[in-house]
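Encoded as structure tokens, the structure appears first; notes follow it.
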Amino acid sequence: MTTAAMDLQILRAFVLAAKEGNVSRAAERLHLTQPAVSLQLKRFAEETGLVLFTRTPHGLALTADGAAMLPQAERVLAAVGDLQQAARKLQGTVRGALRIGTILDPEFTRLGVFLRELVEAAPQIETELRHGMSGSVLAQLLRGDLDVGFHLDPGEDGQTTTTPALSVRTLTRFTYRVVAPAGWGPQVQGRDWKALAALPWLATPPESAHHRLLERVFAPLGLSPRRVAMVDQEASMLDLLKSGIGLSLVRDSIAIRECQAHGLAMADRVQLDCALRFVSLASRRDEPVIASAWDALAKAWN
């Protein structure tokens, strides 16, 4: 037996000849000629040094040695079949690295559910989470430093992610409220943006959604809020709010909770709409790893 392929052909010929008890029927099932199968059986007998069959008026009958060899040959063929099936599965397996830009808290973006769906569907994908601000996630995505990411856009048609360069899915829409320290109710309730701009504000970096939202409000009015501190995390903003430092934008669900729990004040005349979106480069949307991320996201948000 000179090749592994020939070994398997000989084993198949032996097993089928043993089961059929007839070389002609074994040849039909193997789509070979009868002489070819007879030659394979002869070679197998020579290689093993055993007499495997005896001829009868009705065809072939296994000898005691042949009967002992049959289950061994069947196990080999079954193992080869399992190996081939495993190889086919691996050929269809999506594998690679996925760099995900995350923002805000995992519960809000359903990050845990998203990753669970991704791991279950494509366990060979290695994920790398990079947490940052909304604008920085988008910049990294456009530079090719991230594969997919979460992003915040103001309003219904935020111009940032409607560029044809990006594939975008809006996950949810929500509202930002202006929240002030406890005891500041008279200073913020019933006040418009102009009046609020005169109060001290907690500032955020330009790449944050807070910064972009407030710029859209104050810039057309020619206003520049008085900024008393620079923060880049929502947890820090809440701590400074509770410490009485200044105003800040807070997501509506968190604003209501914190006002009830800590007596913070909320402006009642103004609010800003925003949308949470999932984005990737449109040119890479159909890459297997990125397509798997989109599929997992759809399951997490449906």
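Lettering and numbering for the structure tokens are positional, with chains as A, B, ... in the shown order, residues counted from 1 in each chain, and ligands counted from 1 in the shown order.
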Per residue of segment 14-114 of chain A within 12 Å of segment 160-179 of chain A, record the nearest atom pair and its distance in Å to one decimal, counting only C-alpha atoms, with rows in chain order and ascending residue number, as a Markdown table.
| residue | atom | partner | partner_atom | distance |
| --- | --- | --- | --- | --- |
| A:Phe108 | CA | A:Thr172 | CA | 9.6 |
| A:Thr109 | CA | A:Leu171 | CA | 8.5 |
| A:Arg110 | CA | A:Leu171 | CA | 10.0 |
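Here the DSSP assignment of alpha helix (DSSP H), based on backbone atoms, applies within segment 96-162 of chain A to A:Pro106, A:Glu107, A:Phe108, A:Thr109, A:Leu111, A:Gly112, A:Val113, A:Phe114, A:Leu115, A:Arg116, A:Glu117, A:Leu118, A:Val119, A:Glu120, A:Ala121, A:Ser134, A:Gly135, A:Ser136, A:Val137, A:Leu138, A:Ala139, A:Gln140, A:Leu141, A:Leu142, A:Arg143.
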Excluding Gln189 of chain A and its own-chain neighbours fewer than 5 positions away, which residues fall within 8 Å of it when counting only C-alpha atoms? Please give them as a PDB file with all heavy atoms, in the first residue's frame.
ATOM      1  N   MET A 266     -33.229  68.978  38.292  1.00  0.00           N
ATOM      2  CA  MET A 266     -33.256  68.746  36.848  1.00  0.00           C
ATOM      3  C   MET A 266     -33.942  69.919  36.159  1.00  0.00           C
ATOM      4  O   MET A 266     -35.019  70.360  36.579  1.00  0.00           O
ATOM      5  CB  MET A 266     -34.003  67.445  36.529  1.00  0.00           C
ATOM      6  CG  MET A 266     -33.938  67.040  35.059  1.00  0.00           C
ATOM      7  SD  MET A 266     -35.013  65.610  34.692  1.00  0.00           S
ATOM      8  CE  MET A 266     -34.424  64.407  35.874  1.00  0.00           C
ATOM      9  N   ALA A 267     -33.325  70.431  35.093  1.00  0.00           N
ATOM     10  CA  ALA A 267     -33.952  71.492  34.305  1.00  0.00           C
ATOM     11  C   ALA A 267     -35.180  70.915  33.602  1.00  0.00           C
ATOM     12  O   ALA A 267     -35.123  69.821  33.039  1.00  0.00           O
ATOM     13  CB  ALA A 267     -32.959  72.031  33.279  1.00  0.00           C
ATOM     14  N   ASP A 268     -36.276  71.642  33.625  1.00  0.00           N
ATOM     15  CA  ASP A 268     -37.528  71.109  33.093  1.00  0.00           C
ATOM     16  C   ASP A 268     -37.943  71.706  31.751  1.00  0.00           C
ATOM     17  O   ASP A 268     -38.939  71.265  31.163  1.00  0.00           O
ATOM     18  CB  ASP A 268     -38.658  71.298  34.103  1.00  0.00           C
ATOM     19  CG  ASP A 268     -38.801  72.752  34.547  1.00  0.00           C
ATOM     20  OD1 ASP A 268     -38.013  73.606  34.082  1.00  0.00           O
ATOM     21  OD2 ASP A 268     -39.690  73.024  35.365  1.00  0.00           O
ATOM     22  N   ARG A 269     -37.180  72.674  31.226  1.00  0.00           N
ATOM     23  CA  ARG A 269     -37.569  73.295  29.963  1.00  0.00           C
ATOM     24  C   ARG A 269     -36.709  72.849  28.786  1.00  0.00           C
ATOM     25  O   ARG A 269     -37.024  73.157  27.629  1.00  0.00           O
ATOM     26  CB  ARG A 269     -37.505  74.825  30.076  1.00  0.00           C
ATOM     27  CG  ARG A 269     -38.672  75.455  30.828  1.00  0.00           C
ATOM     28  CD  ARG A 269     -38.665  76.958  30.661  1.00  0.00           C
ATOM     29  NE  ARG A 269     -38.702  77.356  29.238  1.00  0.00           N
ATOM     30  CZ  ARG A 269     -38.545  78.609  28.822  1.00  0.00           C
ATOM     31  NH1 ARG A 269     -38.304  79.582  29.703  1.00  0.00           N
ATOM     32  NH2 ARG A 269     -38.608  78.898  27.533  1.00  0.00           N
TER      33      ARG A 269
END
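Minimum atom-to-atom distance to Asn22 of chain A, evaluated using only C-alpha atoms, belongs to A:Leu60 out of A:Val279, A:Ile10, A:Ala182, A:Leu60.
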Per residue of segment 61-104 of chain A within 12 Å of segment 49-54 of chain A, note the shortest atom pair and the distance in Å to one decimal, counting only C-alpha atoms, and order the rows by chain and increasing residue number, as CSV.
residue,atom,partner,partner_atom,distance
A:Ala61,CA,A:Thr54,CA,5.3
A:Leu62,CA,A:Phe53,CA,4.5
A:Thr63,CA,A:Phe53,CA,5.3
A:Ala64,CA,A:Leu52,CA,7.7
A:Asp65,CA,A:Leu52,CA,5.9
A:Gly66,CA,A:Leu52,CA,4.1
A:Ala67,CA,A:Leu52,CA,7.7
A:Ala68,CA,A:Leu52,CA,9.3
A:Met69,CA,A:Leu52,CA,8.2
A:Leu70,CA,A:Leu52,CA,9.4
Go ahead and save the picked residues with all heavy atoms, as a PDB file, in the first residue's frame.
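Writing done, so here's selection_26.pdb:
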ATOM      1  N   ALA A  61     -17.144 -15.745   1.577  1.00  0.00           N
ATOM      2  CA  ALA A  61     -17.446 -15.891   3.004  1.00  0.00           C
ATOM      3  C   ALA A  61     -16.196 -15.536   3.791  1.00  0.00           C
ATOM      4  O   ALA A  61     -15.072 -15.885   3.388  1.00  0.00           O
ATOM      5  CB  ALA A  61     -17.890 -17.311   3.316  1.00  0.00           C
ATOM      6  N   LEU A  62     -16.379 -14.793   4.863  1.00  0.00           N
ATOM      7  CA  LEU A  62     -15.238 -14.410   5.699  1.00  0.00           C
ATOM      8  C   LEU A  62     -14.669 -15.620   6.422  1.00  0.00           C
ATOM      9  O   LEU A  62     -15.413 -16.478   6.912  1.00  0.00           O
ATOM     10  CB  LEU A  62     -15.668 -13.365   6.736  1.00  0.00           C
ATOM     11  CG  LEU A  62     -15.851 -11.926   6.257  1.00  0.00           C
ATOM     12  CD1 LEU A  62     -16.497 -11.099   7.354  1.00  0.00           C
ATOM     13  CD2 LEU A  62     -14.522 -11.321   5.826  1.00  0.00           C
ATOM     14  N   THR A  63     -13.352 -15.651   6.483  1.00  0.00           N
ATOM     15  CA  THR A  63     -12.699 -16.624   7.353  1.00  0.00           C
ATOM     16  C   THR A  63     -12.752 -16.101   8.778  1.00  0.00           C
ATOM     17  O   THR A  63     -13.216 -14.979   9.028  1.00  0.00           O
ATOM     18  CB  THR A  63     -11.239 -16.818   6.928  1.00  0.00           C
ATOM     19  OG1 THR A  63     -10.546 -15.579   7.134  1.00  0.00           O
ATOM     20  CG2 THR A  63     -11.119 -17.237   5.476  1.00  0.00           C
ATOM     21  N   ALA A  64     -12.244 -16.884   9.725  1.00  0.00           N
ATOM     22  CA  ALA A  64     -12.189 -16.422  11.113  1.00  0.00           C
ATOM     23  C   ALA A  64     -11.312 -15.174  11.225  1.00  0.00           C
ATOM     24  O   ALA A  64     -11.644 -14.223  11.948  1.00  0.00           O
ATOM     25  CB  ALA A  64     -11.664 -17.538  12.018  1.00  0.00           C
ATOM     26  N   ASP A  65     -10.176 -15.175  10.474  1.00  0.00           N
ATOM     27  CA  ASP A  65      -9.305 -13.992  10.503  1.00  0.00           C
ATOM     28  C   ASP A  65      -9.999 -12.790   9.862  1.00  0.00           C
ATOM     29  O   ASP A  65      -9.893 -11.663  10.346  1.00  0.00           O
ATOM     30  CB  ASP A  65      -7.999 -14.294   9.764  1.00  0.00           C
ATOM     31  CG  ASP A  65      -7.094 -15.239  10.541  1.00  0.00           C
ATOM     32  OD1 ASP A  65      -7.288 -15.362  11.766  1.00  0.00           O
ATOM     33  OD2 ASP A  65      -6.200 -15.841   9.917  1.00  0.00           O
ATOM     34  N   GLY A  66     -10.708 -13.052   8.772  1.00  0.00           N
ATOM     35  CA  GLY A  66     -11.429 -11.963   8.106  1.00  0.00           C
ATOM     36  C   GLY A  66     -12.499 -11.372   9.009  1.00  0.00           C
ATOM     37  O   GLY A  66     -12.682 -10.146   9.065  1.00  0.00           O
ATOM     38  N   ALA A  67     -13.209 -12.250   9.726  1.00  0.00           N
ATOM     39  CA  ALA A  67     -14.241 -11.768  10.646  1.00  0.00           C
ATOM     40  C   ALA A  67     -13.643 -10.948  11.772  1.00  0.00           C
ATOM     41  O   ALA A  67     -14.243  -9.974  12.255  1.00  0.00           O
ATOM     42  CB  ALA A  67     -15.017 -12.961  11.207  1.00  0.00           C
ATOM     43  N   ALA A  68     -12.437 -11.303  12.194  1.00  0.00           N
ATOM     44  CA  ALA A  68     -11.774 -10.536  13.256  1.00  0.00           C
ATOM     45  C   ALA A  68     -11.304  -9.175  12.734  1.00  0.00           C
ATOM     46  O   ALA A  68     -11.275  -8.185  13.476  1.00  0.00           O
ATOM     47  CB  ALA A  68     -10.594 -11.335  13.806  1.00  0.00           C
ATOM     48  N   MET A  69     -10.922  -9.125  11.436  1.00  0.00           N
ATOM     49  CA  MET A  69     -10.436  -7.870  10.856  1.00  0.00           C
ATOM     50  C   MET A  69     -11.551  -6.891  10.523  1.00  0.00           C
ATOM     51  O   MET A  69     -11.346  -5.684  10.498  1.00  0.00           O
ATOM     52  CB  MET A  69      -9.640  -8.174   9.586  1.00  0.00           C
ATOM     53  CG  MET A  69      -8.297  -8.853   9.829  1.00  0.00           C
ATOM     54  SD  MET A  69      -7.121  -7.715  10.633  1.00  0.00           S
ATOM     55  CE  MET A  69      -6.858  -6.537   9.327  1.00  0.00           C
ATOM     56  N   LEU A  70     -12.757  -7.421  10.275  1.00  0.00           N
ATOM     57  CA  LEU A  70     -13.856  -6.552   9.813  1.00  0.00           C
ATOM     58  C   LEU A  70     -14.166  -5.406  10.773  1.00  0.00           C
ATOM     59  O   LEU A  70     -14.216  -4.247  10.353  1.00  0.00           O
ATOM     60  CB  LEU A  70     -15.093  -7.403   9.538  1.00  0.00           C
ATOM     61  CG  LEU A  70     -16.322  -6.621   9.051  1.00  0.00           C
ATOM     62  CD1 LEU A  70     -16.011  -5.882   7.762  1.00  0.00           C
ATOM     63  CD2 LEU A  70     -17.516  -7.565   8.877  1.00  0.00           C
TER      64      LEU A  70
END
Any idea what's packed within 12 Å of Leu199 of chain A, counting only C-alpha atoms, ignoring anything in its chain fewer than 5 positions away? Could you give it as a PDB file with N, CA and C atoms, in the first residue's frame?
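Saved file result_10.pdb follows:
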ATOM      1  N   VAL A 178     -30.534  68.048  31.535  1.00  0.00           N
ATOM      2  CA  VAL A 178     -29.579  68.892  32.256  1.00  0.00           C
ATOM      3  C   VAL A 178     -29.830  68.718  33.745  1.00  0.00           C
ATOM      4  N   VAL A 179     -28.810  68.239  34.462  1.00  0.00           N
ATOM      5  CA  VAL A 179     -28.931  67.957  35.889  1.00  0.00           C
ATOM      6  C   VAL A 179     -27.988  68.875  36.658  1.00  0.00           C
ATOM      7  N   ALA A 180     -28.461  69.356  37.810  1.00  0.00           N
ATOM      8  CA  ALA A 180     -27.691  70.283  38.640  1.00  0.00           C
ATOM      9  C   ALA A 180     -27.578  69.714  40.055  1.00  0.00           C
ATOM     10  N   PRO A 181     -26.640  70.230  40.834  1.00  0.00           N
ATOM     11  CA  PRO A 181     -26.487  69.755  42.215  1.00  0.00           C
ATOM     12  C   PRO A 181     -27.761  69.981  43.045  1.00  0.00           C
ATOM     13  N   TRP A 184     -30.144  73.343  43.703  1.00  0.00           N
ATOM     14  CA  TRP A 184     -30.070  74.291  42.583  1.00  0.00           C
ATOM     15  C   TRP A 184     -31.381  74.367  41.807  1.00  0.00           C
ATOM     16  N   GLN A 187     -32.453  77.628  40.278  1.00  0.00           N
ATOM     17  CA  GLN A 187     -31.551  78.144  39.253  1.00  0.00           C
ATOM     18  C   GLN A 187     -31.719  77.469  37.899  1.00  0.00           C
ATOM     19  N   VAL A 188     -32.346  76.274  37.889  1.00  0.00           N
ATOM     20  CA  VAL A 188     -32.454  75.558  36.607  1.00  0.00           C
ATOM     21  C   VAL A 188     -33.892  75.321  36.163  1.00  0.00           C
ATOM     22  N   ARG A 191     -35.828  77.494  33.327  1.00  0.00           N
ATOM     23  CA  ARG A 191     -34.774  78.246  32.627  1.00  0.00           C
ATOM     24  C   ARG A 191     -34.549  77.698  31.227  1.00  0.00           C
ATOM     25  N   ASP A 192     -34.227  78.610  30.293  1.00  0.00           N
ATOM     26  CA  ASP A 192     -33.895  78.199  28.933  1.00  0.00           C
ATOM     27  C   ASP A 192     -32.384  78.040  28.801  1.00  0.00           C
ATOM     28  N   TRP A 193     -31.938  77.730  27.575  1.00  0.00           N
ATOM     29  CA  TRP A 193     -30.508  77.484  27.356  1.00  0.00           C
ATOM     30  C   TRP A 193     -29.659  78.721  27.658  1.00  0.00           C
ATOM     31  N   LYS A 194     -30.175  79.888  27.347  1.00  0.00           N
ATOM     32  CA  LYS A 194     -29.395  81.105  27.601  1.00  0.00           C
ATOM     33  C   LYS A 194     -29.151  81.295  29.087  1.00  0.00           C
ATOM     34  N   LEU A 223     -23.308  81.485  22.468  1.00  0.00           N
ATOM     35  CA  LEU A 223     -23.060  81.353  23.904  1.00  0.00           C
ATOM     36  C   LEU A 223     -21.897  80.413  24.171  1.00  0.00           C
ATOM     37  N   SER A 224     -21.211  80.648  25.269  1.00  0.00           N
ATOM     38  CA  SER A 224     -20.129  79.777  25.714  1.00  0.00           C
ATOM     39  C   SER A 224     -20.301  79.538  27.204  1.00  0.00           C
ATOM     40  N   PRO A 225     -20.773  78.352  27.595  1.00  0.00           N
ATOM     41  CA  PRO A 225     -21.021  78.082  29.010  1.00  0.00           C
ATOM     42  C   PRO A 225     -19.760  78.241  29.849  1.00  0.00           C
ATOM     43  N   ARG A 226     -19.946  78.576  31.102  1.00  0.00           N
ATOM     44  CA  ARG A 226     -18.818  78.711  32.029  1.00  0.00           C
ATOM     45  C   ARG A 226     -18.421  77.333  32.529  1.00  0.00           C
ATOM     46  N   ARG A 227     -17.272  76.883  32.108  1.00  0.00           N
ATOM     47  CA  ARG A 227     -16.815  75.531  32.425  1.00  0.00           C
ATOM     48  C   ARG A 227     -15.904  75.573  33.648  1.00  0.00           C
ATOM     49  N   VAL A 228     -16.241  74.747  34.640  1.00  0.00           N
ATOM     50  CA  VAL A 228     -15.484  74.780  35.892  1.00  0.00           C
ATOM     51  C   VAL A 228     -14.633  73.530  36.113  1.00  0.00           C
ATOM     52  N   ILE A 245     -20.518  70.916  42.176  1.00  0.00           N
ATOM     53  CA  ILE A 245     -19.579  71.661  41.333  1.00  0.00           C
ATOM     54  C   ILE A 245     -20.271  72.404  40.203  1.00  0.00           C
ATOM     55  N   GLY A 246     -21.156  71.744  39.464  1.00  0.00           N
ATOM     56  CA  GLY A 246     -21.778  72.412  38.321  1.00  0.00           C
ATOM     57  C   GLY A 246     -22.764  71.517  37.607  1.00  0.00           C
ATOM     58  N   LEU A 247     -23.282  72.013  36.462  1.00  0.00           N
ATOM     59  CA  LEU A 247     -24.288  71.289  35.684  1.00  0.00           C
ATOM     60  C   LEU A 247     -23.634  70.252  34.768  1.00  0.00           C
ATOM     61  N   SER A 248     -24.460  69.295  34.331  1.00  0.00           N
ATOM     62  CA  SER A 248     -23.990  68.317  33.364  1.00  0.00           C
ATOM     63  C   SER A 248     -25.171  67.694  32.640  1.00  0.00           C
TER      64      SER A 248
END
Pick out each residue of segment 56-201 of chain A that DSSP on the backbone tags as strand (DSSP E); I need them as an mmCIF file with N, CA, C and O atoms, in the first residue's frame.
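Result saved to selection-v3.cif:
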data_model
loop_
_atom_site.group_PDB
_atom_site.id
_atom_site.type_symbol
_atom_site.label_atom_id
_atom_site.label_comp_id
_atom_site.auth_asym_id
_atom_site.auth_seq_id
_atom_site.Cartn_x
_atom_site.Cartn_y
_atom_site.Cartn_z
ATOM 1 N N THR A 56 -17.343 -19.542 -2.003
ATOM 2 C CA THR A 56 -18.455 -20.482 -1.877
ATOM 3 C C THR A 56 -19.261 -20.439 -3.176
ATOM 4 O O THR A 56 -19.079 -19.527 -4.008
ATOM 5 N N GLY A 59 -20.676 -16.959 -3.494
ATOM 6 C CA GLY A 59 -19.829 -15.766 -3.486
ATOM 7 C C GLY A 59 -18.672 -15.898 -2.534
ATOM 8 O O GLY A 59 -17.905 -16.864 -2.596
ATOM 9 N N LEU A 60 -18.545 -14.898 -1.604
ATOM 10 C CA LEU A 60 -17.440 -14.875 -0.649
ATOM 11 C C LEU A 60 -17.957 -15.068 0.768
ATOM 12 O O LEU A 60 -19.045 -14.586 1.120
ATOM 13 N N ALA A 61 -17.144 -15.745 1.577
ATOM 14 C CA ALA A 61 -17.446 -15.891 3.004
ATOM 15 C C ALA A 61 -16.196 -15.536 3.791
ATOM 16 O O ALA A 61 -15.072 -15.885 3.388
ATOM 17 N N LEU A 62 -16.379 -14.793 4.863
ATOM 18 C CA LEU A 62 -15.238 -14.410 5.699
ATOM 19 C C LEU A 62 -14.669 -15.620 6.422
ATOM 20 O O LEU A 62 -15.413 -16.478 6.912
ATOM 21 N N GLY A 96 -10.643 34.725 13.743
ATOM 22 C CA GLY A 96 -9.904 35.972 13.594
ATOM 23 C C GLY A 96 -10.109 36.872 14.797
ATOM 24 O O GLY A 96 -10.737 36.483 15.783
ATOM 25 N N ALA A 97 -9.586 38.078 14.710
ATOM 26 C CA ALA A 97 -9.678 39.053 15.800
ATOM 27 C C ALA A 97 -10.740 40.095 15.471
ATOM 28 O O ALA A 97 -10.904 40.488 14.322
ATOM 29 N N LEU A 98 -11.454 40.513 16.498
ATOM 30 C CA LEU A 98 -12.476 41.554 16.352
ATOM 31 C C LEU A 98 -12.225 42.626 17.398
ATOM 32 O O LEU A 98 -12.339 42.373 18.596
ATOM 33 N N ARG A 99 -11.914 43.838 16.936
ATOM 34 C CA ARG A 99 -11.665 44.957 17.838
ATOM 35 C C ARG A 99 -12.946 45.783 17.943
ATOM 36 O O ARG A 99 -13.430 46.310 16.954
ATOM 37 N N ILE A 100 -13.468 45.869 19.161
ATOM 38 C CA ILE A 100 -14.767 46.498 19.400
ATOM 39 C C ILE A 100 -14.585 47.779 20.202
ATOM 40 O O ILE A 100 -14.007 47.759 21.291
ATOM 41 N N GLY A 101 -15.091 48.870 19.685
ATOM 42 C CA GLY A 101 -15.074 50.130 20.416
ATOM 43 C C GLY A 101 -16.315 50.249 21.275
ATOM 44 O O GLY A 101 -17.440 50.218 20.764
ATOM 45 N N THR A 102 -16.140 50.356 22.587
ATOM 46 C CA THR A 102 -17.275 50.426 23.507
ATOM 47 C C THR A 102 -17.352 51.801 24.156
ATOM 48 O O THR A 102 -16.347 52.498 24.293
ATOM 49 N N ILE A 125 -13.615 33.415 17.189
ATOM 50 C CA ILE A 125 -13.302 34.849 17.090
ATOM 51 C C ILE A 125 -12.752 35.335 18.425
ATOM 52 O O ILE A 125 -13.335 35.096 19.479
ATOM 53 N N GLU A 126 -11.615 36.017 18.372
ATOM 54 C CA GLU A 126 -11.016 36.612 19.568
ATOM 55 C C GLU A 126 -11.396 38.084 19.627
ATOM 56 O O GLU A 126 -11.109 38.836 18.700
ATOM 57 N N THR A 127 -12.053 38.491 20.715
ATOM 58 C CA THR A 127 -12.517 39.871 20.828
ATOM 59 C C THR A 127 -11.570 40.706 21.678
ATOM 60 O O THR A 127 -10.986 40.222 22.645
ATOM 61 N N GLU A 128 -11.429 41.956 21.282
ATOM 62 C CA GLU A 128 -10.642 42.931 22.042
ATOM 63 C C GLU A 128 -11.522 44.164 22.255
ATOM 64 O O GLU A 128 -11.955 44.793 21.283
ATOM 65 N N LEU A 129 -11.800 44.492 23.493
ATOM 66 C CA LEU A 129 -12.655 45.635 23.822
ATOM 67 C C LEU A 129 -11.797 46.856 24.098
ATOM 68 O O LEU A 129 -10.857 46.787 24.881
ATOM 69 N N ARG A 130 -12.139 47.961 23.458
ATOM 70 C CA ARG A 130 -11.439 49.230 23.694
ATOM 71 C C ARG A 130 -12.468 50.277 24.084
ATOM 72 O O ARG A 130 -13.268 50.720 23.250
ATOM 73 N N HIS A 131 -12.450 50.640 25.340
ATOM 74 C CA HIS A 131 -13.450 51.583 25.844
ATOM 75 C C HIS A 131 -12.972 53.018 25.627
ATOM 76 O O HIS A 131 -11.805 53.341 25.845
ATOM 77 N N VAL A 148 -15.499 47.325 14.651
ATOM 78 C CA VAL A 148 -16.888 47.730 14.872
ATOM 79 C C VAL A 148 -16.907 48.581 16.141
ATOM 80 O O VAL A 148 -15.949 48.589 16.916
ATOM 81 N N GLY A 149 -18.012 49.278 16.360
ATOM 82 C CA GLY A 149 -18.073 50.064 17.586
ATOM 83 C C GLY A 149 -19.445 50.670 17.819
ATOM 84 O O GLY A 149 -20.305 50.683 16.934
ATOM 85 N N PHE A 150 -19.621 51.155 19.029
ATOM 86 C CA PHE A 150 -20.834 51.864 19.409
ATOM 87 C C PHE A 150 -20.560 53.360 19.322
ATOM 88 O O PHE A 150 -19.447 53.817 19.604
ATOM 89 N N HIS A 151 -21.586 54.117 18.952
ATOM 90 C CA HIS A 151 -21.400 55.551 18.736
ATOM 91 C C HIS A 151 -22.688 56.281 19.088
ATOM 92 O O HIS A 151 -23.792 55.733 18.923
ATOM 93 N N LEU A 152 -22.551 57.504 19.569
ATOM 94 C CA LEU A 152 -23.704 58.336 19.892
ATOM 95 C C LEU A 152 -23.830 59.453 18.868
ATOM 96 O O LEU A 152 -22.853 60.122 18.534
ATOM 97 N N ASP A 153 -25.051 59.663 18.376
ATOM 98 C CA ASP A 153 -25.336 60.733 17.429
ATOM 99 C C ASP A 153 -26.502 61.558 17.933
ATOM 100 O O ASP A 153 -27.474 61.007 18.459
ATOM 101 N N PRO A 154 -26.438 62.864 17.765
ATOM 102 C CA PRO A 154 -27.579 63.697 18.159
ATOM 103 C C PRO A 154 -28.708 63.603 17.154
ATOM 104 O O PRO A 154 -28.498 63.522 15.952
ATOM 105 N N LEU A 166 -19.784 54.335 6.088
ATOM 106 C CA LEU A 166 -20.122 53.529 7.254
ATOM 107 C C LEU A 166 -21.420 52.762 7.069
ATOM 108 O O LEU A 166 -22.358 53.241 6.442
ATOM 109 N N SER A 167 -21.442 51.558 7.629
ATOM 110 C CA SER A 167 -22.702 50.840 7.825
ATOM 111 C C SER A 167 -23.186 51.167 9.230
ATOM 112 O O SER A 167 -22.400 51.106 10.184
ATOM 113 N N VAL A 168 -24.435 51.521 9.363
ATOM 114 C CA VAL A 168 -24.950 52.039 10.635
ATOM 115 C C VAL A 168 -26.267 51.351 10.983
ATOM 116 O O VAL A 168 -27.114 51.137 10.119
ATOM 117 N N ARG A 169 -26.409 51.013 12.243
ATOM 118 C CA ARG A 169 -27.715 50.573 12.753
ATOM 119 C C ARG A 169 -28.030 51.356 14.011
ATOM 120 O O ARG A 169 -27.222 51.407 14.935
ATOM 121 N N THR A 170 -29.194 51.996 14.031
ATOM 122 C CA THR A 170 -29.648 52.696 15.226
ATOM 123 C C THR A 170 -30.237 51.674 16.195
ATOM 124 O O THR A 170 -31.171 50.945 15.848
ATOM 125 N N LEU A 171 -29.689 51.625 17.396
ATOM 126 C CA LEU A 171 -30.106 50.639 18.384
ATOM 127 C C LEU A 171 -31.224 51.160 19.276
ATOM 128 O O LEU A 171 -32.166 50.446 19.578
ATOM 129 N N THR A 172 -31.096 52.404 19.720
ATOM 130 C CA THR A 172 -32.137 52.989 20.562
ATOM 131 C C THR A 172 -31.979 54.501 20.551
ATOM 132 O O THR A 172 -30.893 55.020 20.271
ATOM 133 N N ARG A 173 -33.050 55.192 20.815
ATOM 134 C CA ARG A 173 -33.021 56.650 20.962
ATOM 135 C C ARG A 173 -33.358 56.994 22.409
ATOM 136 O O ARG A 173 -34.162 56.315 23.049
ATOM 137 N N PHE A 174 -32.747 58.032 22.906
ATOM 138 C CA PHE A 174 -32.957 58.427 24.296
ATOM 139 C C PHE A 174 -32.775 59.928 24.419
ATOM 140 O O PHE A 174 -32.505 60.620 23.419
ATOM 141 N N THR A 175 -32.910 60.423 25.625
ATOM 142 C CA THR A 175 -32.864 61.866 25.867
ATOM 143 C C THR A 175 -31.830 62.185 26.946
ATOM 144 O O THR A 175 -31.727 61.464 27.940
ATOM 145 N N TYR A 176 -31.071 63.235 26.706
ATOM 146 C CA TYR A 176 -30.185 63.786 27.736
ATOM 147 C C TYR A 176 -30.916 64.918 28.454
ATOM 148 O O TYR A 176 -31.551 65.766 27.820
ATOM 149 N N ARG A 177 -30.820 64.937 29.774
ATOM 150 C CA ARG A 177 -31.392 66.010 30.579
ATOM 151 C C ARG A 177 -30.273 66.797 31.248
ATOM 152 O O ARG A 177 -29.173 66.269 31.483
ATOM 153 N N VAL A 178 -30.534 68.048 31.535
ATOM 154 C CA VAL A 178 -29.579 68.892 32.256
ATOM 155 C C VAL A 178 -29.830 68.718 33.745
ATOM 156 O O VAL A 178 -30.922 68.989 34.243
ATOM 157 N N VAL A 179 -28.810 68.239 34.462
ATOM 158 C CA VAL A 179 -28.931 67.957 35.889
ATOM 159 C C VAL A 179 -27.988 68.875 36.658
ATOM 160 O O VAL A 179 -26.859 69.134 36.226
ATOM 161 N N ALA A 180 -28.461 69.356 37.810
ATOM 162 C CA ALA A 180 -27.691 70.283 38.640
ATOM 163 C C ALA A 180 -27.578 69.714 40.055
ATOM 164 O O ALA A 180 -28.330 68.815 40.451
ATOM 165 N N PRO A 200 -22.297 77.482 36.111
ATOM 166 C CA PRO A 200 -21.082 76.668 35.932
ATOM 167 C C PRO A 200 -21.422 75.277 35.393
ATOM 168 O O PRO A 200 -22.381 74.640 35.835
ATOM 169 N N TRP A 201 -20.605 74.823 34.419
ATOM 170 C CA TRP A 201 -20.827 73.540 33.759
ATOM 171 C C TRP A 201 -19.624 72.633 33.916
ATOM 172 O O TRP A 201 -18.481 73.091 33.981
#
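Pairwise distance (atom CA of Val119 of chain A, atom CA of Gly81 of chain A) equals 27.3 Å.
Nearest residue to Leu11 of chain A, choosing from A:Leu141, A:Met133, A:Leu30, A:Val289 and counting only C-alpha atoms: A:Leu30.
Close contacts of Val76 of chain A, defined as residues with an atom at most 10 Å away when counting only C-alpha atoms, with chain neighbours fewer than 4 positions off set aside, comprise Leu8, Leu11, Arg12, Pro71, Gln72, Val80, Gly81 and Asp82 of chain A.
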| message | Can you tell me which residues surround Arg212 of chain A at a distance of at most 12 Å, considering only C-alpha atoms, apart from same-chain residues fewer than 6 positions away, and format the answer as a PyMOL selection string? | response | chain A and resi 133-135+152-155+158-160+203-206+218-219+249+272-274
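For the atom pair formed by atom CA of Ile103 of chain A and atom CA of Gly132 of chain A, the distance is 5.6 Å, given to one decimal.
For the pair atom CA of Ala300 of chain A and atom CA of Phe114 of chain A, the separation is 5.1 Å.
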